[in-house]
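Source file: protein-v2.txt (compact mmCIF, C-alpha atoms)
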# COMPACT_ATOMS: atom_id res chain seq x y z
CA MET A 525 8.97 -12.27 17.79
CA LEU A 526 8.72 -9.81 20.69
CA SER A 527 10.51 -7.08 18.72
CA ASN A 528 8.19 -7.65 15.75
CA LEU A 529 5.19 -7.50 18.05
CA LEU A 530 6.37 -4.21 19.53
CA ILE A 531 6.63 -2.76 16.01
CA VAL A 532 3.08 -3.76 15.02
CA LEU A 533 1.44 -2.88 18.36
CA PRO A 534 0.93 0.80 17.41
CA ILE A 535 -0.81 -0.39 14.22
CA PHE A 536 -3.23 -2.51 16.24
CA GLY A 537 -3.65 0.36 18.69
CA LEU A 538 -4.73 2.82 15.99
CA ILE A 539 -7.12 0.30 14.42
CA LEU A 540 -8.57 -0.38 17.87
CA ALA A 541 -8.95 3.36 18.52
CA GLY A 542 -11.04 3.71 15.36
CA TRP A 543 -13.09 0.64 16.27
CA ILE A 544 -13.83 1.95 19.77
CA ALA A 545 -14.65 5.44 18.46
CA ARG A 546 -17.28 4.00 16.12
CA ARG A 547 -18.70 1.46 18.58
CA SER A 548 -19.06 4.12 21.26
CA ASN A 549 -20.60 6.57 18.74
CA ALA A 550 -17.85 9.08 19.42
CA LEU A 551 -17.64 9.18 15.62
CA GLY A 552 -20.75 8.76 13.50
CA PRO A 553 -21.63 6.38 10.64
CA HIS A 554 -20.11 8.67 8.00
CA ALA A 555 -16.77 9.00 9.79
CA THR A 556 -15.06 6.26 7.77
CA ARG A 557 -15.77 8.04 4.51
CA GLU A 558 -14.74 11.47 5.78
CA VAL A 559 -11.53 10.33 7.49
CA ASN A 560 -10.59 8.38 4.38
CA ARG A 561 -11.21 11.43 2.19
CA LEU A 562 -8.93 13.44 4.50
CA VAL A 563 -6.20 10.88 3.80
CA VAL A 564 -6.82 10.69 0.04
CA TYR A 565 -7.12 14.42 -0.66
CA LEU A 566 -4.78 15.98 1.93
CA ALA A 567 -2.54 13.80 4.09
CA LEU A 568 -1.34 11.15 1.63
CA PRO A 569 -0.64 13.61 -1.24
CA ALA A 570 1.44 15.68 1.19
CA LEU A 571 3.35 12.56 2.24
CA LEU A 572 3.93 11.45 -1.37
CA PHE A 573 5.17 14.90 -2.40
CA ASP A 574 7.44 15.06 0.65
CA ILE A 575 8.96 11.62 -0.02
CA MET A 576 9.73 12.40 -3.65
CA ALA A 577 10.89 15.99 -3.09
CA LYS A 578 13.44 14.94 -0.45
CA ALA A 579 14.77 11.88 -2.28
CA SER A 580 18.12 11.99 -4.04
CA TRP A 581 19.34 10.13 -7.10
CA ALA A 582 22.13 8.59 -5.04
CA GLU A 583 19.58 7.02 -2.70
CA ILE A 584 17.13 6.00 -5.41
CA TRP A 585 19.47 4.61 -8.05
CA GLN A 586 20.14 1.08 -6.76
CA PRO A 587 19.45 -1.02 -9.89
CA GLY A 588 19.89 -4.47 -8.34
CA PHE A 589 17.70 -3.76 -5.34
CA ILE A 590 15.09 -1.99 -7.49
CA LEU A 591 14.89 -4.96 -9.86
CA ALA A 592 14.61 -7.51 -7.05
CA PHE A 593 11.95 -5.71 -4.99
CA ALA A 594 9.99 -4.45 -8.00
CA SER A 595 9.98 -7.93 -9.57
CA GLY A 596 8.47 -9.46 -6.44
CA SER A 597 5.72 -6.83 -6.35
CA ALA A 598 5.09 -6.86 -10.10
CA VAL A 599 4.90 -10.66 -10.46
CA ILE A 600 2.42 -11.05 -7.60
CA PHE A 601 0.39 -8.04 -8.74
CA ALA A 602 0.18 -9.26 -12.33
CA LEU A 603 -0.53 -12.87 -11.33
CA THR A 604 -3.34 -11.85 -8.97
CA LEU A 605 -4.80 -9.45 -11.52
CA TRP A 606 -4.80 -12.17 -14.20
CA VAL A 607 -6.32 -14.85 -11.97
CA ARG A 608 -9.05 -12.58 -10.58
CA THR A 609 -10.08 -11.30 -14.02
CA ARG A 610 -10.12 -14.89 -15.32
CA GLN A 611 -12.45 -15.75 -12.44
CA GLY A 612 -14.87 -13.07 -13.63
CA SER A 613 -13.96 -10.25 -11.25
CA PRO A 614 -14.31 -6.72 -12.71
CA LEU A 615 -11.00 -5.04 -13.51
CA ALA A 616 -11.42 -2.48 -10.71
CA ASP A 617 -12.01 -5.20 -8.11
CA ALA A 618 -9.18 -7.31 -9.52
CA ALA A 619 -6.82 -4.33 -9.24
CA ILE A 620 -7.73 -3.90 -5.56
CA ASP A 621 -7.12 -7.62 -4.95
CA ALA A 622 -3.80 -7.37 -6.76
CA LEU A 623 -2.81 -4.53 -4.44
CA ASN A 624 -3.89 -6.59 -1.43
CA ALA A 625 -1.47 -9.32 -2.49
CA SER A 626 1.52 -7.10 -3.35
CA TYR A 627 1.34 -3.78 -1.43
CA ALA A 628 3.91 -4.09 1.38
CA ASN A 629 3.62 -1.83 4.41
CA THR A 630 7.08 -0.34 3.85
CA GLY A 631 6.26 3.14 5.14
CA PHE A 632 4.78 2.34 8.53
CA MET A 633 6.58 -0.92 9.37
CA GLY A 634 9.51 -1.03 6.97
CA PHE A 635 11.67 1.74 8.42
CA PRO A 636 11.60 0.67 12.11
CA LEU A 637 11.97 -3.04 11.25
CA VAL A 638 14.88 -2.58 8.82
CA LEU A 639 16.58 -0.15 11.20
CA ALA A 640 16.35 -2.74 13.98
CA VAL A 641 17.48 -5.70 11.85
CA VAL A 642 19.82 -4.26 9.19
CA GLY A 643 20.82 -0.90 10.61
CA GLY A 644 21.22 2.53 9.06
CA SER A 645 22.54 1.10 5.78
CA GLY A 646 19.04 -0.23 5.08
CA MET A 647 17.33 3.15 5.16
CA GLY A 648 18.15 3.99 1.53
CA PRO A 649 16.74 0.72 0.14
CA THR A 650 13.67 1.10 2.36
CA LEU A 651 13.06 4.55 0.87
CA VAL A 652 13.36 3.04 -2.62
CA ALA A 653 10.89 0.28 -1.71
CA THR A 654 8.48 2.86 -0.31
CA ILE A 655 8.62 4.91 -3.52
CA LEU A 656 8.08 1.79 -5.66
CA THR A 657 5.13 0.70 -3.53
CA VAL A 658 3.40 3.92 -2.54
CA CYS A 659 4.00 5.81 -5.80
CA VAL A 660 4.52 3.37 -8.69
CA LEU A 661 2.40 0.35 -7.69
CA PHE A 662 -0.31 2.62 -6.33
CA ALA A 663 -0.37 4.60 -9.60
CA VAL A 664 -0.72 1.44 -11.71
CA ALA A 665 -3.70 0.32 -9.62
CA ILE A 666 -5.38 3.73 -9.87
CA ILE A 667 -4.96 3.75 -13.66
CA LEU A 668 -6.55 0.28 -13.91
CA ILE A 669 -9.43 1.27 -11.62
CA GLU A 670 -10.14 4.51 -13.47
CA SER A 671 -10.01 2.68 -16.82
CA SER A 672 -12.43 0.04 -15.55
CA LEU A 673 -14.92 2.57 -14.19
CA ARG A 674 -15.07 4.34 -17.55
CA SER A 675 -15.77 1.28 -19.70
CA GLY A 676 -18.81 1.13 -21.98
CA SER A 677 -17.86 4.05 -24.24
CA SER A 678 -15.61 4.32 -27.27
CA ARG A 679 -11.91 3.72 -26.73
CA ARG A 680 -11.09 7.35 -27.46
CA ASP A 681 -13.71 8.54 -24.98
CA ILE A 682 -12.48 6.06 -22.34
CA ALA A 683 -8.87 7.19 -22.85
CA PHE A 684 -9.79 10.88 -22.64
CA ARG A 685 -11.95 10.52 -19.53
CA THR A 686 -9.35 8.34 -17.85
CA LEU A 687 -6.58 10.86 -18.55
CA VAL A 688 -8.73 13.70 -17.18
CA ALA A 689 -9.51 11.69 -14.04
CA LEU A 690 -5.85 10.81 -13.56
CA ALA A 691 -4.78 14.45 -14.02
CA LYS A 692 -7.20 15.41 -11.23
CA ASN A 693 -6.17 12.62 -8.88
CA PRO A 694 -4.02 14.04 -6.05
CA LEU A 695 -2.48 10.61 -5.39
CA LEU A 696 -0.87 10.75 -8.83
CA VAL A 697 -0.28 14.49 -9.14
CA ALA A 698 1.56 14.76 -5.79
CA PRO A 699 4.41 12.27 -6.44
CA VAL A 700 4.90 13.60 -9.99
CA ALA A 701 5.14 17.15 -8.63
CA GLY A 702 7.53 15.93 -5.95
CA ALA A 703 9.74 14.23 -8.54
CA LEU A 704 9.87 17.43 -10.59
CA PHE A 705 10.80 19.37 -7.46
CA MET A 706 13.57 16.86 -6.71
CA ALA A 707 14.89 17.18 -10.27
CA SER A 708 15.02 20.96 -9.91
CA GLY A 709 17.61 20.67 -7.15
CA TRP A 710 15.80 23.17 -4.95
CA ALA A 711 15.44 22.74 -1.20
CA LEU A 712 12.03 22.88 0.43
CA PRO A 713 11.51 26.17 2.30
CA GLY A 714 11.36 25.65 6.06
CA PRO A 715 7.66 26.51 6.57
CA LEU A 716 6.60 24.35 3.61
CA ASP A 717 8.75 21.48 4.83
CA ARG A 718 7.15 21.64 8.28
CA PHE A 719 3.66 21.89 6.75
CA LEU A 720 4.25 18.75 4.66
CA GLN A 721 5.64 16.87 7.66
CA LEU A 722 2.64 17.75 9.81
CA LEU A 723 0.04 16.96 7.15
CA GLY A 724 1.83 13.92 5.72
CA GLY A 725 2.41 12.53 9.19
CA ALA A 726 -1.35 12.16 9.58
CA ALA A 727 -1.68 9.82 6.58
CA SER A 728 -0.87 6.46 8.18
CA PRO A 729 -2.56 7.09 11.57
CA CYS A 730 -5.75 8.38 9.94
CA ALA A 731 -5.82 5.50 7.46
CA LEU A 732 -5.51 2.98 10.29
CA ILE A 733 -8.22 4.73 12.31
CA ALA A 734 -10.44 4.69 9.21
CA LEU A 735 -9.80 0.94 8.96
CA GLY A 736 -10.91 0.50 12.56
CA LEU A 737 -14.02 2.60 11.93
CA PHE A 738 -14.87 0.47 8.92
CA LEU A 739 -14.34 -2.81 10.78
CA ALA A 740 -16.64 -1.63 13.58
CA GLY A 741 -19.45 -1.13 11.10
CA ASN A 742 -18.78 -3.95 8.67
CA GLY A 743 -16.51 -6.47 10.37
CA ALA A 744 -19.40 -8.59 11.57
CA GLN A 745 -20.51 -9.47 8.03
CA ARG A 746 -20.42 -13.21 7.48
CA HIS A 747 -17.77 -14.74 5.24
CA ARG A 748 -19.03 -16.31 2.08
CA PRO A 749 -17.02 -19.46 1.33
CA ALA A 750 -15.83 -18.12 -2.03
CA SER A 751 -14.80 -14.78 -0.50
CA ALA A 752 -13.02 -16.52 2.37
CA ARG A 753 -11.01 -18.59 -0.11
CA VAL A 754 -10.00 -15.45 -2.01
CA GLU A 755 -8.93 -13.73 1.22
CA THR A 756 -6.86 -16.76 2.25
CA ALA A 757 -5.17 -16.83 -1.15
CA LEU A 758 -4.38 -13.10 -0.98
CA VAL A 759 -2.87 -13.47 2.49
CA ALA A 760 -0.70 -16.38 1.32
CA LEU A 761 0.43 -14.48 -1.77
CA LYS A 762 1.42 -11.46 0.32
CA LEU A 763 3.21 -13.15 3.21
CA LEU A 764 4.71 -16.17 1.42
CA ALA A 765 4.75 -15.81 -2.37
CA GLN A 766 5.98 -12.22 -2.64
CA PRO A 767 9.08 -12.69 -0.43
CA ALA A 768 9.77 -16.02 -2.20
CA VAL A 769 9.71 -14.40 -5.65
CA THR A 770 11.83 -11.52 -4.38
CA TRP A 771 14.41 -13.97 -2.99
CA LEU A 772 14.54 -15.89 -6.29
CA VAL A 773 15.30 -12.69 -8.19
CA ALA A 774 17.69 -11.23 -5.59
CA VAL A 775 19.81 -14.30 -4.85
CA PRO A 776 19.90 -16.96 -7.62
CA LEU A 777 19.22 -14.60 -10.55
CA LEU A 778 21.00 -11.36 -9.60
CA GLY A 779 23.40 -12.53 -6.91
CA LEU A 780 22.93 -9.38 -4.84
CA PRO A 781 25.14 -8.80 -1.80
CA SER A 782 23.66 -10.48 1.25
CA ALA A 783 22.64 -7.22 2.96
CA ALA A 784 20.78 -5.92 -0.11
CA ALA A 785 19.09 -9.28 -0.74
CA HIS A 786 18.12 -9.63 2.91
CA THR A 787 16.62 -6.13 2.97
CA ALA A 788 14.65 -6.74 -0.23
CA VAL A 789 13.16 -10.00 1.05
CA LEU A 790 12.44 -8.54 4.49
CA LEU A 791 10.53 -5.62 2.96
CA ALA A 792 8.65 -7.91 0.58
CA ALA A 793 7.56 -10.05 3.55
CA LEU A 794 5.82 -7.13 5.27
CA PRO A 795 2.02 -7.26 5.62
CA THR A 796 -0.41 -5.40 3.38
CA GLY A 797 -0.42 -1.67 4.04
CA THR A 798 -3.46 0.60 4.27
CA GLY A 799 -3.15 1.86 0.68
CA PRO A 800 -5.43 -0.82 -0.82
CA PHE A 801 -8.08 -0.16 1.83
CA MET A 802 -8.03 3.58 1.11
CA LEU A 803 -8.66 2.92 -2.59
CA ALA A 804 -11.24 0.20 -1.92
CA GLU A 805 -13.25 2.46 0.39
CA PHE A 806 -12.80 5.55 -1.78
CA TYR A 807 -13.95 3.79 -4.97
CA GLU A 808 -16.44 1.58 -3.04
CA ARG A 809 -14.85 -1.66 -4.28
CA GLU A 810 -14.33 -4.72 -2.03
CA ALA A 811 -13.58 -2.71 1.12
CA VAL A 812 -14.72 -5.53 3.44
CA ARG A 813 -12.34 -8.04 1.88
CA THR A 814 -9.51 -5.53 1.83
CA SER A 815 -9.94 -4.60 5.50
CA ARG A 816 -9.80 -8.28 6.46
CA VAL A 817 -6.69 -8.91 4.38
CA VAL A 818 -4.90 -5.91 5.93
CA LEU A 819 -5.80 -7.07 9.43
CA ALA A 820 -5.00 -10.76 8.80
CA THR A 821 -1.62 -10.12 7.17
CA THR A 822 -0.65 -7.70 9.96
CA VAL A 823 -1.49 -10.26 12.65
CA LEU A 824 0.15 -13.21 10.87
CA SER A 825 3.25 -11.23 9.87
CA VAL A 826 4.41 -11.30 13.49
CA ALA A 827 4.93 -15.06 13.05
CA THR A 828 6.11 -15.09 9.42
CA LEU A 829 8.65 -12.29 9.89
CA SER A 830 9.96 -13.93 13.05
CA LEU A 831 10.30 -17.24 11.21
CA TYR A 832 12.19 -15.58 8.36
CA LEU A 833 14.54 -13.79 10.76
CA ALA A 834 15.14 -17.04 12.66
CA ILE A 835 15.98 -18.89 9.42
CA THR A 836 18.34 -16.17 8.18
CA GLY A 837 19.93 -15.67 11.59
Rewrite the structure of this file - the entire thing - as structure tokens.
Amino acid sequence: MLSNLLIVLPIFGLILAGWIARRSNALGPHATREVNRLVVYLALPALLFDIMAKASWAEIWQPGFILAFASGSAVIFALTLWVRTRQGSPLADAAIDALNASYANTGFMGFPLVLAVVGGSGMGPTLVATILTVCVLFAVAIILIESSLRSGSSRRDIAFRTLVALAKNPLLVAPVAGALFMASGWALPGPLDRFLQLLGGAASPCALIALGLFLAGNGAQRHRPASARVETALVALKLLAQPAVTWLVAVPLLGLPSAAAHTAVLLAALPTGTGPFMLAEFYEREAVRTSRVVLATTVLSVATLSLYLAITG
């Protein structure tokens, strides 16, 4: 538990820094929006391009691991999306909730945790999980949100406007451009590589600071009973249901080697990352709920991850 706590302490520290900056008026009331836009338009696209451009087919092509981890994310995402739309939630809000329940924090927490528990052999699968989460799952949610926000017109008009919006979205353009660069076989020039590292390295810290800024201004809002129940369900889906589904696919169904199965379940058990909050705040959809889910899963994951590691030895 101590090692897990040491891994998540910087996350809490960055959230706290944002909270203090807003409470002390070091950053103004519009800081959340502006810092989040910095992440969405500059830092995160640079990180996504960098991840895809530097990947290799040898690292990415791990069919068993891909199927196990992707199944866990996809099942929970689809289940949450279906339940929330059946409960009357708009598609855009349901997509954010689905991300809350299935978007593992593989980038910020996955690499140090897997390195400590599994070793260097787990770095390749962690990269694959990061690509599936940050690029693929993120893209699906953005498509659903954009489609929802353009409802009320003819299907052709909705499709055209959605495609235009997606083509302009840097969070989709960047990983596609990175994948094309990877396929070309070229190496990133030194100055460009350093530029992407510097800019992309700001994505997670700035997103966590933006979360702290948001909590300082909105965290005191009272829980409505219905909203509290939804948040509790999302936390349970993320920390318990997603790793359980991943284990069912990895072990009984696929019979993956123990190291691959263990890595897949460990990554699936990670708390919700900041990606859902960035979208929720950017599109102005359920940001309060999302911020609470990110914070709650991060706090509780110290116990759930420690329990899982104790069970697996």
Where is the centre and how long are the edges: axis-aligned box on segment 688-702 of chain A, 6 Å on each side, Å to one decimal, as JSON:
{"center_x": -1.0, "center_y": 13.9, "center_z": -11.3, "size_x": 29.0, "size_y": 18.5, "size_z": 23.8}
Go through A:Arg561, A:Phe589, A:Ala550, A:Val641 and flag the residue nearest Gly779 of chain A, using all atoms listed in the file for the distances. A:Phe589
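Coordinates place atom CA of Val664 of chain A at a distance of 26.9 Å from atom CA of Ile539 of chain A.
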Residues within 12 Å of Thr609 of chain A, please, as a list in words. Count only C-alpha atoms; anything in the same chain fewer than 3 positions from it doesn't count. Ala602, Leu603, Thr604, Leu605, Trp606, Gly612, Ser613, Pro614, Leu615, Ala616, Asp617, Ala618, Ala619, Ile620, Asp621, Ala622 and Ser672 of chain A
Measure the distance from atom CA of Glu670 of chain A to atom CA of Thr657 of chain A in Å and round it to one decimal.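 Value for the atom CA of Glu670 of chain A-atom CA of Thr657 of chain A distance: 18.6 Å.
Between atom CA of Leu687 of chain A and atom CA of Trp585 of chain A lies a distance of 28.8 Å.
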Around (14.2, -16.0, -8.3), as given in the file, which residues come within 12 Å? Count all atoms listed in the file and list them as a short mmCIF file (atom, residue, chain, number, x, y, z; two decimals) with C-alpha atoms, keeping the file's coordinate frame.
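Saved the output as part-v7.cif:
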data_model
loop_
_atom_site.label_atom_id
_atom_site.label_comp_id
_atom_site.auth_asym_id
_atom_site.auth_seq_id
_atom_site.Cartn_x
_atom_site.Cartn_y
_atom_site.Cartn_z
CA LEU A 591 14.89 -4.96 -9.86
CA ALA A 592 14.61 -7.51 -7.05
CA PHE A 593 11.95 -5.71 -4.99
CA SER A 595 9.98 -7.93 -9.57
CA GLY A 596 8.47 -9.46 -6.44
CA VAL A 599 4.90 -10.66 -10.46
CA ALA A 765 4.75 -15.81 -2.37
CA GLN A 766 5.98 -12.22 -2.64
CA PRO A 767 9.08 -12.69 -0.43
CA ALA A 768 9.77 -16.02 -2.20
CA VAL A 769 9.71 -14.40 -5.65
CA THR A 770 11.83 -11.52 -4.38
CA TRP A 771 14.41 -13.97 -2.99
CA LEU A 772 14.54 -15.89 -6.29
CA VAL A 773 15.30 -12.69 -8.19
CA ALA A 774 17.69 -11.23 -5.59
CA VAL A 775 19.81 -14.30 -4.85
CA PRO A 776 19.90 -16.96 -7.62
CA LEU A 777 19.22 -14.60 -10.55
CA LEU A 778 21.00 -11.36 -9.60
CA GLY A 779 23.40 -12.53 -6.91
CA LEU A 780 22.93 -9.38 -4.84
CA ALA A 785 19.09 -9.28 -0.74
CA VAL A 789 13.16 -10.00 1.05
#
Go through segment 752-832 of chain A and flag each residue having an atom no more than 9 Å from segment 724-743 of chain A; for those, report the closest pair of atoms plus their distance in Å to one decimal, using all atoms listed in the file, ordered by chain and rising number, as CSV.
residue,atom,partner,partner_atom,distance
A:Thr798,CA,A:Ala731,CA,6.3
A:Gly799,CA,A:Ala731,CA,8.1
A:Phe801,CA,A:Leu735,CA,7.4
A:Met802,CA,A:Ala731,CA,7.0
A:Glu805,CA,A:Phe738,CA,8.9
A:Ala811,CA,A:Phe738,CA,8.5
A:Val812,CA,A:Asn742,CA,6.8
A:Ser815,CA,A:Leu735,CA,6.5
A:Arg816,CA,A:Gly743,CA,8.0
A:Val818,CA,A:Leu735,CA,9.0
A:Leu819,CA,A:Leu735,CA,9.0
Nearby residues (all atoms listed in the file) at most 12 Å from Ala793 of chain A, same-chain spacing under 4 positions excluded, as an MDAnalysis selection string: chainID A and resid 593 596:597 625:630 633:634 637:638 759:771 786:789 797 821:822 824:833
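Of the residues listed (A:Ala579, A:Leu723, A:Val660, A:Ala640), A:Ala579 shows the shortest atom-to-atom separation from Ala711 of chain A; distances use all atoms listed in the file.
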Using all atoms listed in the file for the distances, tell me which of A:Val642, A:Ala663, A:Leu690, A:Ala757 is nearest to Ile600 of chain A.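 Ranking A:Val642, A:Ala663, A:Leu690, A:Ala757 by distance to Ile600 of chain A, first place goes to A:Ala757.
Nearest to Leu673 of chain A of all the residues A:Phe632, A:Phe573, A:Phe536, A:Tyr807 is A:Tyr807, based on all atoms listed in the file.
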Taking only C-alpha atoms into account, name the residue in A:Leu538, A:Leu572, A:Leu790, A:Val559 that is nearest to Leu720 of chain A. A:Leu572
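Comparing the minimum interatomic distances between Val697 of chain A and each of A:Gly588, A:Gly709, A:Pro569, A:Gly714, counting all atoms listed in the file, we find that A:Pro569 sits nearest.
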Got a sec: who's within 9 Å of Ile655 of chain A, counting all atoms listed in the file, leaving out chain neighbours fewer than 2 positions off, as a ChimeraX atom specification? /A:572,575-576,584,650-653,657-661,699
Would you kindly place N, CA and C atoms on segment 764-777 of chain A and return the model as a CSV table (one decimal), keeping the file's coordinate frame?
chain,number,residue,atom,x,y,z
A,764,LEU,N,3.8,-15.1,1.8
A,764,LEU,CA,4.7,-16.2,1.4
A,764,LEU,C,5.2,-16.0,0.0
A,765,ALA,N,4.3,-15.8,-1.0
A,765,ALA,CA,4.8,-15.8,-2.4
A,765,ALA,C,5.6,-14.6,-2.7
A,766,GLN,N,5.2,-13.4,-2.3
A,766,GLN,CA,6.0,-12.2,-2.6
A,766,GLN,C,7.4,-12.3,-2.1
A,767,PRO,N,7.7,-12.6,-0.9
A,767,PRO,CA,9.1,-12.7,-0.4
A,767,PRO,C,9.8,-13.8,-1.1
A,768,ALA,N,9.1,-14.9,-1.5
A,768,ALA,CA,9.8,-16.0,-2.2
A,768,ALA,C,10.2,-15.6,-3.6
A,769,VAL,N,9.3,-14.9,-4.3
A,769,VAL,CA,9.7,-14.4,-5.6
A,769,VAL,C,10.9,-13.4,-5.6
A,770,THR,N,10.8,-12.5,-4.6
A,770,THR,CA,11.8,-11.5,-4.4
A,770,THR,C,13.2,-12.2,-4.1
A,771,TRP,N,13.2,-13.2,-3.3
A,771,TRP,CA,14.4,-14.0,-3.0
A,771,TRP,C,15.0,-14.6,-4.2
A,772,LEU,N,14.1,-15.2,-5.1
A,772,LEU,CA,14.5,-15.9,-6.3
A,772,LEU,C,15.2,-14.9,-7.2
A,773,VAL,N,14.7,-13.7,-7.3
A,773,VAL,CA,15.3,-12.7,-8.2
A,773,VAL,C,16.6,-12.1,-7.6
A,774,ALA,N,16.6,-11.9,-6.3
A,774,ALA,CA,17.7,-11.2,-5.6
A,774,ALA,C,18.9,-12.1,-5.5
A,775,VAL,N,18.7,-13.4,-5.2
A,775,VAL,CA,19.8,-14.3,-4.8
A,775,VAL,C,20.2,-15.2,-6.0
A,776,PRO,N,19.4,-16.1,-6.5
A,776,PRO,CA,19.9,-17.0,-7.6
A,776,PRO,C,20.1,-16.2,-8.9
A,777,LEU,N,19.2,-15.3,-9.3
A,777,LEU,CA,19.2,-14.6,-10.6
A,777,LEU,C,20.2,-13.4,-10.6
